[in-house]
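To keep things clear, I will list the structure first and then write my remarks on it.
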Amino acid sequence: MQIPKNRKGNLLLSVATLLLAVSSVLAQNPQALSVATRMTAENGLREPRSTEYSKVQERLARGWNTWDVHSVATQVLLPEGLAIHVGLKHNTTLNGDAFLADSFIGRLDTGAEIVTPGPHTWNGSYTRADFEWNGHMWLLETAHDGDDLVLVIAPLPSKVTTSIPPTVVVSVNYLWNRPGTVDFEGESMRARSGNATTEIHCTCEDHGGARFITVPIAGPYFAADLTGPVGISTGKRRSLDEIIGAIEKQRDAFKASVKAAGRNGPILSAVQTTIGWDTIYDPEKQRVLSPVSRVWSVGWGGYVLFDWDTFFAATLASIGDKDLAYANALEILREETPQGFVPNYARAGNWKSTDRSEPPVGSITVLDLYQRFHDRWFLEDAFTPLLSWNRWWNEHRQMEGFIVLGSDPDNQPANLDDRSRGTWQGAVYESGLDNSPMYDGTFYNPQTHLLEYADVGMTSLYIADCDGLAQIADTLQKPAEAKELRDRARRYRAKLATLWDEKTGIFLNRDLHTGQFNYRLSPTNFYPMLAKAATPEQARRMIEKHLLNPDEFWGQWVIPMIARNDPAFKDQAYWRGRIWGPANYLVYLGLENYADADTRRQFAAKSYNLFLKEWNEKRHVHENYNAITGEGDDVKSSDRFYHWGALLGYVESLESDHPQP
């Protein structure tokens, strides 16, 4: 929609007036905080970035990297948006030619490419990935040489012998409606955007030169038979040997950084590679961030941020990139809904789940980042949405003094594609455990829009959120808010204590519709240790009787999302019995509060061994794993490169911080 010029001025004036009014209300009445947040959200406005956070995004969104969500074989220069795409043309006289324009890690479509991700540094200074498609195998290796990009595409020994070699096609354009032109000048290309000019060169002459071929590409491209390495460079023209030398320099720097990390080197490499390949630039909101995977993001229109998944991405990034850790934490908070909560999901087109949230792990994440990096501005940016979200749980998801789940169908604006709004399934989605057997047979009240179920896990996470946010309030010298939060934590901790079952020796969920305990056990039954809500004796009994019990949770692969002796364990379908990285991470945090060192070490080692199984074999980082075989590839419902799977390795890095025997 175009706004007439005379209305643009009025609109900007109205926006400015609104923001001034909100600021005035906040100055006179701090308790109006959540109301003010809702006012700006309802008018379609995102809170302006602080000066410090703007600088974070400026630092992140600069230089060459795999920013384009649509292909790991594309390098983009920010802020210009200049893109270099690497595609492959399959040539045959038998079954018709084919062209691979975009490549994904973990795509499962019939005939899809297989991408084995190699190293990917945080800033994209070095990357490598191996590709297999239509019988062809090749590698793509890239590096920074100063401000320039160099890359080499080289054939690998193929499983299938073809008489006609494939053609590598390197096309260049500007993405996201960024202004610019690309033209051939002699044998090279010249890209112009404003005052910026970039030259792109190819060693294609070694393989038949730049040729005119039929490919579905609009714009200039290089093309060469992939019978040997083909090099691309920006800036000055480089020979293939010079390109390979620049790549070797960055490869050696990457290896040196891994070696310097000592025992944690392999974990650092794995987490850096995982987050590196999953980090993209979102042109819609002009930000760098790390969605769960490219496959998920493209399937949801360009990006999708899930609540706790994105907080965990911040945790993972903190192992090596402070700016990216801050960006992930703050961007999911900046998706807060008009109702004042962080949504279950936020996707391209600004669609969000305004009916439901997801587990409140925001405050413990933000506090952990602050304790690592000590930037007060980061706490100041995060505090307002965290407090609004915390208050929302207490006001809208409380029943008989417990935190329960819900789904509010009348909240607007609503994503009409989401059929789970205002249903039992929508409420269960709020747990983040989409089909957990814990919720089988529970009652969703269509009048209150609540699942009538006292949830040990959600109540525990909420208590931990209150405690973490109270510490943040202390640091920011907000005594009234700190007291409010500690009072709330104390009240919910007292209610959680009533869910302890002395005979069973663990905290149990309670069906508030029937009043009965639910004896089905999940890792969430251990979350009271994370909330420091268990007595030392209670924690000891939970660990010895349940966690270390091979009939329930212990074994070669830990920790299944339902006890091994539960009938649903054999399903091994999504949250019904499989192993998920976030549960291991949260249980480990609880063990740090209570468990003996040996139990904690064993738990961390088992988590790491599970991660290594398919990481070492295929460089897969799975959304979830089979609790019987340790495999992730056994089902299609486990994304092959979903970043929170790396939490299994991250747990081991936390353990390495403890004194070793």
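Simple scheme: letters A, B, ... for chains in structure tokens order, numbers from 1 for residues in each chain, numbers from 1 for ligands in the order shown.
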Q: For A:Thr66, list every protein, DNA or RNA residue within 12 Å, evaluated using only C-alpha atoms, and leave out those in the same chain fewer than 3 positions away; present the list as a ChimeraX atom specification.
A: /A:61-63,69-78,81-86,103-104,120-129,141-143,149,273,275-281,288,290,294
(Q) Set the distance at 9 Å and use only C-alpha atoms: which residues neighbour A:Trp300 once local chain neighbours fewer than 5 positions away are removed? I'd like the list as a ChimeraX atom specification. (A) /A:295,347-348
Q: List the neighbours of A:Gly590 out to 8 Å using only C-alpha atoms; skip same-chain residues closer than 4 positions along the sequence, and give me the result as a ChimeraX atom specification.
A: /A:526-532,586,594
Would you write out those residues with C-alpha atoms, as an mmCIF file, in the first residue's frame?
```cif
data_model
loop_
_atom_site.group_PDB
_atom_site.id
_atom_site.type_symbol
_atom_site.label_atom_id
_atom_site.label_comp_id
_atom_site.auth_asym_id
_atom_site.auth_seq_id
_atom_site.Cartn_x
_atom_site.Cartn_y
_atom_site.Cartn_z
ATOM 1 C CA PHE A 526 13.639 -33.466 37.456
ATOM 2 C CA TYR A 527 13.322 -29.729 36.751
ATOM 3 C CA PRO A 528 12.652 -28.848 40.429
ATOM 4 C CA MET A 529 16.423 -29.317 40.827
ATOM 5 C CA LEU A 530 16.962 -26.544 38.277
ATOM 6 C CA ALA A 531 14.550 -24.341 40.245
ATOM 7 C CA LYS A 532 16.331 -25.244 43.516
ATOM 8 C CA LEU A 586 18.148 -28.384 31.638
ATOM 9 C CA TYR A 594 22.619 -31.111 43.699
#
```
Q.
Which residue is closest to A:Phe378? Choose from A:Glu336, A:Glu623, A:Asp323, A:Glu452 and count only C-alpha atoms.
A. A:Asp323
What's the 12 Å shell around A:Thr504, counting only C-alpha atoms, without same-chain residues fewer than 5 positions away, as a compact mmCIF listing (two decimals) with N, CA and C atoms, in the first residue's frame?
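And here is the file that came out, result33.txt:
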```
# COMPACT_ATOMS: atom_id res chain seq x y z
N LEU A 499 3.59 -31.08 45.11
CA LEU A 499 3.59 -32.10 44.07
C LEU A 499 4.61 -33.20 44.34
N PHE A 517 -2.70 -37.65 40.76
CA PHE A 517 -1.33 -37.57 40.31
C PHE A 517 -1.19 -38.33 38.99
N ASN A 518 -0.26 -37.87 38.17
CA ASN A 518 0.10 -38.58 36.95
C ASN A 518 1.46 -39.24 37.18
N TYR A 519 1.51 -40.56 37.12
CA TYR A 519 2.73 -41.29 37.46
C TYR A 519 3.65 -41.52 36.25
N ARG A 520 3.31 -40.96 35.11
CA ARG A 520 4.19 -41.06 33.95
C ARG A 520 5.35 -40.08 34.15
N LEU A 521 6.56 -40.55 33.93
CA LEU A 521 7.74 -39.76 34.25
C LEU A 521 8.47 -39.31 32.99
N ASN A 525 10.20 -33.97 35.17
CA ASN A 525 10.00 -34.24 36.59
C ASN A 525 11.24 -33.96 37.42
N GLN A 538 15.40 -34.90 48.83
CA GLN A 538 14.53 -35.16 47.68
C GLN A 538 15.35 -35.32 46.40
N ARG A 541 17.05 -38.73 46.31
CA ARG A 541 16.13 -39.81 45.98
C ARG A 541 15.76 -39.80 44.50
N MET A 542 15.51 -38.62 43.94
CA MET A 542 15.18 -38.54 42.52
C MET A 542 16.31 -39.08 41.65
N LYS A 545 16.89 -43.08 42.63
CA LYS A 545 15.77 -43.98 42.37
C LYS A 545 15.27 -43.91 40.93
N HIS A 546 15.44 -42.76 40.29
CA HIS A 546 14.84 -42.57 38.97
C HIS A 546 15.87 -42.27 37.87
```
**Q.** alpha helix (DSSP H) call set, DSSP backbone run, stretch 48-92 of chain A, as a list in words
**A.** Thr51, Glu52, Tyr53, Ser54, Lys55, Val56, Gln57, Glu58, Arg59 and Leu60 of chain A
Go ahead and write the selection's residues with all heavy atoms as a tab-separated table (two decimals), in the first residue's frame.
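Result file part22.tsv:
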```tsv
chain	number	residue	atom	x	y	z
A	51	THR	N	21.40	1.98	21.30
A	51	THR	CA	22.63	2.31	20.58
A	51	THR	C	23.60	1.14	20.61
A	51	THR	O	24.21	0.78	19.59
A	51	THR	CB	23.30	3.55	21.19
A	51	THR	OG1	22.39	4.65	21.10
A	51	THR	CG2	24.60	3.89	20.47
A	52	GLU	N	23.71	0.50	21.77
A	52	GLU	CA	24.66	-0.61	21.91
A	52	GLU	C	24.24	-1.80	21.05
A	52	GLU	O	25.08	-2.43	20.39
A	52	GLU	CB	24.77	-1.03	23.38
A	52	GLU	CG	25.39	-0.01	24.30
A	52	GLU	CD	24.40	1.03	24.79
A	52	GLU	OE1	23.21	0.98	24.36
A	52	GLU	OE2	24.78	1.86	25.62
A	53	TYR	N	22.92	-2.10	21.05
A	53	TYR	CA	22.50	-3.25	20.26
A	53	TYR	C	22.56	-2.95	18.77
A	53	TYR	O	22.86	-3.84	17.96
A	53	TYR	CB	21.09	-3.69	20.65
A	53	TYR	CG	20.65	-4.92	19.87
A	53	TYR	CD1	21.47	-6.03	19.77
A	53	TYR	CD2	19.43	-4.94	19.19
A	53	TYR	CE1	21.10	-7.14	19.03
A	53	TYR	CE2	19.05	-6.05	18.45
A	53	TYR	CZ	19.89	-7.14	18.37
A	53	TYR	OH	19.52	-8.23	17.63
A	54	SER	N	22.32	-1.72	18.37
A	54	SER	CA	22.47	-1.35	16.97
A	54	SER	C	23.90	-1.61	16.50
A	54	SER	O	24.13	-2.10	15.39
A	54	SER	CB	22.11	0.13	16.76
A	54	SER	OG	20.74	0.35	16.98
A	55	LYS	N	24.85	-1.33	17.37
A	55	LYS	CA	26.25	-1.58	17.02
A	55	LYS	C	26.53	-3.08	16.91
A	55	LYS	O	27.34	-3.50	16.07
A	55	LYS	CB	27.17	-0.94	18.06
A	55	LYS	CG	27.16	0.58	18.03
A	55	LYS	CD	28.05	1.16	19.12
A	55	LYS	CE	28.03	2.69	19.09
A	55	LYS	NZ	28.86	3.26	20.19
A	56	VAL	N	25.88	-3.88	17.74
A	56	VAL	CA	26.02	-5.33	17.65
A	56	VAL	C	25.58	-5.80	16.27
A	56	VAL	O	26.29	-6.56	15.59
A	56	VAL	CB	25.20	-6.04	18.75
A	56	VAL	CG1	25.05	-7.53	18.44
A	56	VAL	CG2	25.87	-5.86	20.10
A	57	GLN	N	24.40	-5.38	15.84
A	57	GLN	CA	23.91	-5.81	14.53
A	57	GLN	C	24.76	-5.25	13.39
A	57	GLN	O	24.98	-5.93	12.38
A	57	GLN	CB	22.44	-5.39	14.36
A	57	GLN	CG	21.45	-6.31	15.04
A	57	GLN	CD	21.36	-7.69	14.39
A	57	GLN	OE1	21.82	-7.90	13.27
A	57	GLN	NE2	20.77	-8.65	15.09
A	58	GLU	N	25.28	-4.05	13.56
A	58	GLU	CA	26.17	-3.49	12.53
A	58	GLU	C	27.43	-4.33	12.40
A	58	GLU	O	27.92	-4.58	11.28
A	58	GLU	CB	26.52	-2.05	12.87
A	58	GLU	CG	25.37	-1.07	12.67
A	58	GLU	CD	25.70	0.32	13.19
A	58	GLU	OE1	26.88	0.54	13.57
A	58	GLU	OE2	24.80	1.17	13.24
A	59	ARG	N	27.97	-4.77	13.54
A	59	ARG	CA	29.19	-5.60	13.48
A	59	ARG	C	28.90	-6.96	12.86
A	59	ARG	O	29.70	-7.50	12.09
A	59	ARG	CB	29.77	-5.78	14.88
A	59	ARG	CG	30.41	-4.54	15.46
A	59	ARG	CD	31.23	-4.86	16.69
A	59	ARG	NE	30.44	-5.36	17.81
A	59	ARG	CZ	29.91	-4.60	18.76
A	59	ARG	NH1	30.08	-3.28	18.71
A	59	ARG	NH2	29.21	-5.13	19.74
A	60	LEU	N	27.74	-7.53	13.20
A	60	LEU	CA	27.40	-8.85	12.68
A	60	LEU	C	27.12	-8.80	11.18
A	60	LEU	O	27.58	-9.67	10.42
A	60	LEU	CB	26.17	-9.40	13.41
A	60	LEU	CG	26.38	-9.89	14.84
A	60	LEU	CD1	25.03	-10.19	15.48
A	60	LEU	CD2	27.25	-11.13	14.89
```
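Straight-line separation from atom CA of A:Glu537 to atom CA of A:Ala583: 22.5 Å.
Using only C-alpha atoms, the nearest neighbour of A:Asp355 within the list A:Gly422, A:Pro582, A:Pro266, A:Gly645 is A:Gly422.
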Q | Pick from A:Glu242, A:Trp351, A:Leu548, A:Arg49, whichever lies nearest to A:Glu380 using only C-alpha atoms | A | A:Arg49
